[in-house]
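Peer 1: Please find one structure pasted underneath; my questions will follow.
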Amino acid sequence: MQNFVARAMIMVPVLMFSSFAHAQTVPQSSETKEHKGLPPICQGEANRFNCASAPVEGQTDEPGVDFWGRPVTPLVNGQKSAAAPRHDISGTWQVDGIDEFGFRGILGVFGAGAMPSDGYPEHEPPYTKEGLEAYHRNKPVFGIDSVPAAQANDPLKFCDPPGFPRDDLHRLTSVQLLQTPLQVIILYPRDKHWRVIWADGRELPKDADPTWDGYSTGKWVDNTTFVVQTNGTDERTWLDNAGRPHSDALRVEERFHRVDHNHMELTVTIDDPKMYTKPWVALDKQALKLQPPDFSMSETRCSPSEMATYDSLVSTPIVK
Amino acid sequence: MKDRCVFSFIASFALLVASAPLSAHHGNAAYDATKEVILTGVVTDWIVANPHSLLKLDVTDDKGNVVHWVVETGAASANQARGVRLTKQLLKPGDKVTVTMMVAKNGQPVGRIHRLVLPDGRLMVNDLP
């Protein structure tokens with residue numbers, strides 16, 4: 001159990017996404033209590049491996065090299081960052097810090113970063129009756145209601161696209177943002193896909209056919225904050241790794257706020273009146289850290305053949 | 001898949017370390033997390049893949065019986081920010097390794113790696129919920 005204490009002590013969050021909000025209703029993260037130590041899902045012998053181990057003495061988790069073994073030079077270690085440039089969020093950004101479970105540099109293992117499915121009642125989204133029923137139909141492999149992988153119905157199990165906003169809320173490690181005069185383009189390493197956010201003043205479509213990532217428009221609300229609205233997402237997708245559902249009424253806000261040259265905060269807010277009684281913050285000022293210009297993101301693909309191998313060798317045998 | 005089925009490991013850093021999950025796709029529900037099992041065996045296959053890389057090894061008990069184990073670890077897409085990469089060169093068939101893991105509740109020879117002592121003695125720590 002020493003490990004757990006140590007783990008709890010080392011949680012130093014950094015890069016996150018956190019909330020955006022429809023202008024009129026911005027749920028406050030102050031609704032969430034401050035907790036000391038590990039969340040319930042990590043407590044007790046049966047749950048002890050749900051959280052990360054304490055670092056091994058003498059070892060370091062500094063990057064050193066990238067996915068391909070190429071040396072990486074930290075951009076800002078020990079240096080004071082310059083001021084944020086105006087209307088510019090381009091660059092490669094990596095999740096910064098350690099979450100409440102002790103996981104570094106990765107978001108959303110147990111569900112949306114600001115509302116993980118960790119056993120704390122205040123981290124349960126405000127479900128409507130329909131929303132709670134939909135949640136109970138989902139069988140996730142992570143979170144307080146997790147099931148063995150062979151019994152799960154997570155769309156990712158079949159290599160379906162995670163879709164938006166799960167792109168942001170589950171297993172985010174890094175993203176690359178590109179800007180043109182008309183668009184902001186987000187490159188995601190998972191399945192090597194991208195989202196286009198129109199920044200030319202157009203409105204969201206009113207009755208668009210649903211797509212995996214929906215339709216996104218964005219605008220600068222001040223010199224350093226770019227706010228994105230998304231609708232038209234496919235309700236087959238889950239919001240996060242814990243099986244939180246959404247309907248065709250989902251509207252998502254992302255608020256990218258560049259704090260200074262090297263740091264950004266991402267806030268993501270979920271608004272889906274069919275599933276939730278009020279908007280809720282899924283990422284709350286999640287810290288992101290700018291990477292060097294030559295930083296190369298890793299690749300994560302869902303391969304049906306590799307998934308089949310995993311299922312035949314692991315998932316299926318362990319539930320027989 | 002054949003390419004993926006090559007094994008061997010190679011730490012990309014002087015210290016092979018991982019203080020965070022390399023992948024986070026599948027939960028622990030079918031594993032007995034109340035205890036750790038330590039086994040030493042001979043690598044028969046090292047599959048670097050998503051959602052998890054798989055290590056197959058033969059473990060011989062004190063009666064000479066060989067049990068074919070499959071243990072899972074992080075995805076091929078190890079996150080460079082955490083200073084650990086799982087590569088095909090890291091392990092190869094015939095390597096002798098010691099694995100600390102949790103094992104399936106139903107008694108099948110399937111596990112999830114917590115720590116792996118590589119043939120050269122380096123320790124890989126893998127937190128994989």
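A note on labels: chains of the structure tokens are A, B, ... as shown, every chain counts residues from 1, and ligands are counted from 1 in their shown order.
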If you take only C-alpha atoms and a cut-off of 6 Å, which residues of chain A touch chain B, and what are their nearest atom pairs and distances in Å to one decimal, in chain and number order, as a Markdown table?
Peer 2:
```
| residue | atom | partner | partner_atom | distance |
| --- | --- | --- | --- | --- |
| A:Glu45 | CA | B:Thr34 | CA | 4.9 |
| A:Ala46 | CA | B:Thr34 | CA | 4.7 |
| A:Asn50 | CA | B:Pro129 | CA | 4.9 |
| A:Ala52 | CA | B:Asp127 | CA | 5.4 |
| A:Pro55 | CA | B:Ser19 | CA | 5.4 |
| A:Asp61 | CA | B:Gly83 | CA | 4.7 |
| A:Glu62 | CA | B:Gly83 | CA | 5.5 |
| A:Pro63 | CA | B:Gly83 | CA | 4.6 |
| A:Asp66 | CA | B:Gln80 | CA | 4.9 |
| A:Phe67 | CA | B:Gln80 | CA | 5.4 |
| A:Phe103 | CA | B:Ala20 | CA | 4.9 |
| A:Arg104 | CA | B:Ala20 | CA | 5.6 |
| A:Val109 | CA | B:Ala24 | CA | 6.0 |
| A:Val141 | CA | B:Gly27 | CA | 4.8 |
| A:Phe142 | CA | B:Gly27 | CA | 5.2 |
| A:Val147 | CA | B:Ala29 | CA | 5.7 |
| A:Pro148 | CA | B:Ala29 | CA | 4.9 |
| A:Glu299 | CA | B:Ser77 | CA | 5.7 |
| A:Thr300 | CA | B:Ser77 | CA | 5.3 |
| A:Ile318 | CA | B:Ala104 | CA | 5.6 |
```
Peer 1: What lies within 6 Å of Ser315 of chain A using only C-alpha atoms, ignoring chain neighbours under 2 positions off, as a list of chain:residue names?
Peer 2: A:Ala149, A:Ala150, A:Asp311, A:Pro317, A:Ile318
Peer 1: Suppose you want the space between atom CA of Ile38 of chain B and atom CA of Glu306 of chain A; what is it in Å?
Peer 2: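 Pair atom CA of Ile38 of chain B / atom CA of Glu306 of chain A returns 26.8 Å.
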Peer 1: Skip Ile270 of chain A itself and residues of its chain fewer than 5 positions away, then list as number ranges by chain all residues within 12 Å of it, counting only C-alpha atoms.
Peer 2: A: 18-22, 25-27, 112, 114-115, 125-127, 164-166, 168-169, 229-231, 239-240, 244-247, 249-255, 275-284
Peer 1: Quick one: distance from atom CA of Asp95 of chain B to atom CA of Asn65 of chain B in Å, one decimal?
Peer 2: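 Rounded to one decimal, the two atoms are 18.9 Å apart.
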Peer 1: Return the single residue from B:Thr40, B:Val117, B:Asp45, B:Thr100 that is closest to Val66 of chain B, with distances computed using only C-alpha atoms.
Peer 2: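 Closest to Val66 of chain B of all the choices is B:Thr40.
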Peer 1: Under the rule that only C-alpha atoms are counted, which of A:Arg301, A:His261, A:Lys274, A:Arg195 is the nearest residue to Lys289 of chain A?
Peer 2: A:His261
Peer 1: From segment 55-304 of chain A, collect each residue whose DSSP state is helix (DSSP H, G or I) and return the set as a list in words.
Peer 2: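 Residues of segment 55-304 of chain A classed as helix (DSSP H, G or I): Pro121, Glu122, His123, Lys129, Glu130, Gly131, Leu132, Glu133, Ala134, Tyr135, His136, Arg137, Ala149, Ala150, Gln151, Pro155, Leu156, Lys157, Phe158, Arg166, Asp167, Asp168, Leu169 and Pro304 of chain A.
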Peer 1: How many Å separate atom CA of Asp167 of chain A from atom CA of Ile41 of chain A?
Peer 2: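 Value for the atom CA of Asp167 of chain A-atom CA of Ile41 of chain A distance: 23.6 Å.
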Peer 1: Set the distance at 9 Å and use only C-alpha atoms: which residues neighbour Asn223 of chain A once local chain neighbours fewer than 2 positions away are removed? I'd like the list as a compact mmCIF listing (two decimals) with all heavy atoms, in the first residue's frame.
Peer 2:
```txt
# COMPACT_ATOMS: atom_id res chain seq x y z
N ALA A 84 1.70 34.33 -24.99
CA ALA A 84 0.95 33.63 -26.03
C ALA A 84 0.84 34.52 -27.27
O ALA A 84 0.53 35.72 -27.16
CB ALA A 84 -0.43 33.28 -25.52
N PRO A 85 1.06 33.97 -28.45
CA PRO A 85 0.85 34.76 -29.67
C PRO A 85 -0.64 34.98 -29.90
O PRO A 85 -1.48 34.25 -29.39
CB PRO A 85 1.46 33.87 -30.76
CG PRO A 85 1.36 32.48 -30.20
CD PRO A 85 1.50 32.61 -28.71
N ARG A 86 -0.97 35.97 -30.69
CA ARG A 86 -2.38 36.30 -30.96
C ARG A 86 -2.97 35.35 -32.00
O ARG A 86 -2.35 35.11 -33.04
CB ARG A 86 -2.48 37.76 -31.44
CG ARG A 86 -3.91 38.21 -31.73
CD ARG A 86 -3.94 39.67 -32.16
NE ARG A 86 -5.30 40.12 -32.39
CZ ARG A 86 -5.94 39.97 -33.55
NH1 ARG A 86 -5.32 39.41 -34.56
NH2 ARG A 86 -7.19 40.40 -33.67
N HIS A 87 -4.11 34.84 -31.69
CA HIS A 87 -4.87 34.00 -32.62
C HIS A 87 -4.01 32.88 -33.21
O HIS A 87 -3.98 32.68 -34.43
CB HIS A 87 -5.49 34.85 -33.74
CG HIS A 87 -6.60 35.74 -33.25
ND1 HIS A 87 -7.36 36.50 -34.08
CD2 HIS A 87 -7.08 35.95 -31.99
CE1 HIS A 87 -8.26 37.18 -33.37
NE2 HIS A 87 -8.11 36.84 -32.09
N ASP A 88 -3.33 32.19 -32.36
CA ASP A 88 -2.46 31.10 -32.84
C ASP A 88 -2.43 29.98 -31.80
O ASP A 88 -1.89 30.15 -30.71
CB ASP A 88 -1.05 31.65 -33.09
CG ASP A 88 -0.13 30.59 -33.67
OD1 ASP A 88 -0.58 29.44 -33.89
OD2 ASP A 88 1.06 30.91 -33.90
N TRP A 220 -12.54 32.95 -32.53
CA TRP A 220 -11.72 33.54 -31.47
C TRP A 220 -12.61 34.45 -30.62
O TRP A 220 -13.28 35.33 -31.16
CB TRP A 220 -10.57 34.34 -32.07
CG TRP A 220 -9.57 33.46 -32.76
CD1 TRP A 220 -9.52 33.17 -34.10
CD2 TRP A 220 -8.51 32.74 -32.15
NE1 TRP A 220 -8.49 32.31 -34.36
CE2 TRP A 220 -7.84 32.02 -33.18
CE3 TRP A 220 -8.05 32.61 -30.84
CZ2 TRP A 220 -6.75 31.20 -32.94
CZ3 TRP A 220 -6.96 31.80 -30.60
CH2 TRP A 220 -6.32 31.09 -31.63
N VAL A 221 -12.62 34.19 -29.33
CA VAL A 221 -13.42 35.05 -28.45
C VAL A 221 -12.55 36.10 -27.77
O VAL A 221 -13.05 37.06 -27.20
CB VAL A 221 -14.15 34.21 -27.38
CG1 VAL A 221 -15.15 33.27 -28.05
CG2 VAL A 221 -13.18 33.45 -26.50
N THR A 225 -8.02 32.74 -27.06
CA THR A 225 -9.01 31.69 -26.77
C THR A 225 -9.85 31.40 -28.02
O THR A 225 -10.54 32.28 -28.53
CB THR A 225 -9.94 32.10 -25.62
OG1 THR A 225 -9.15 32.50 -24.50
CG2 THR A 225 -10.84 30.93 -25.21
N PHE A 226 -9.77 30.17 -28.45
CA PHE A 226 -10.51 29.70 -29.62
C PHE A 226 -11.60 28.75 -29.13
O PHE A 226 -11.31 27.74 -28.48
CB PHE A 226 -9.56 29.00 -30.59
CG PHE A 226 -10.17 28.61 -31.89
CD1 PHE A 226 -10.56 29.58 -32.81
CD2 PHE A 226 -10.35 27.28 -32.22
CE1 PHE A 226 -11.10 29.22 -34.05
CE2 PHE A 226 -10.89 26.92 -33.45
CZ PHE A 226 -11.28 27.90 -34.36
```
Peer 1: Quick one: residues within 6 Å of segment 203-212 of chain A, only C-alpha atoms, excluding same-chain residues fewer than 3 positions away - as a ChimeraX atom specification?
Peer 2: /A:163,232-234
Peer 1: From segment 137-191 of chain A, collect each residue whose DSSP state is strand (DSSP E or B) and return the set as an NGL selection string.
Peer 2: :A and (172 or 174-179 or 183-188 or 190)
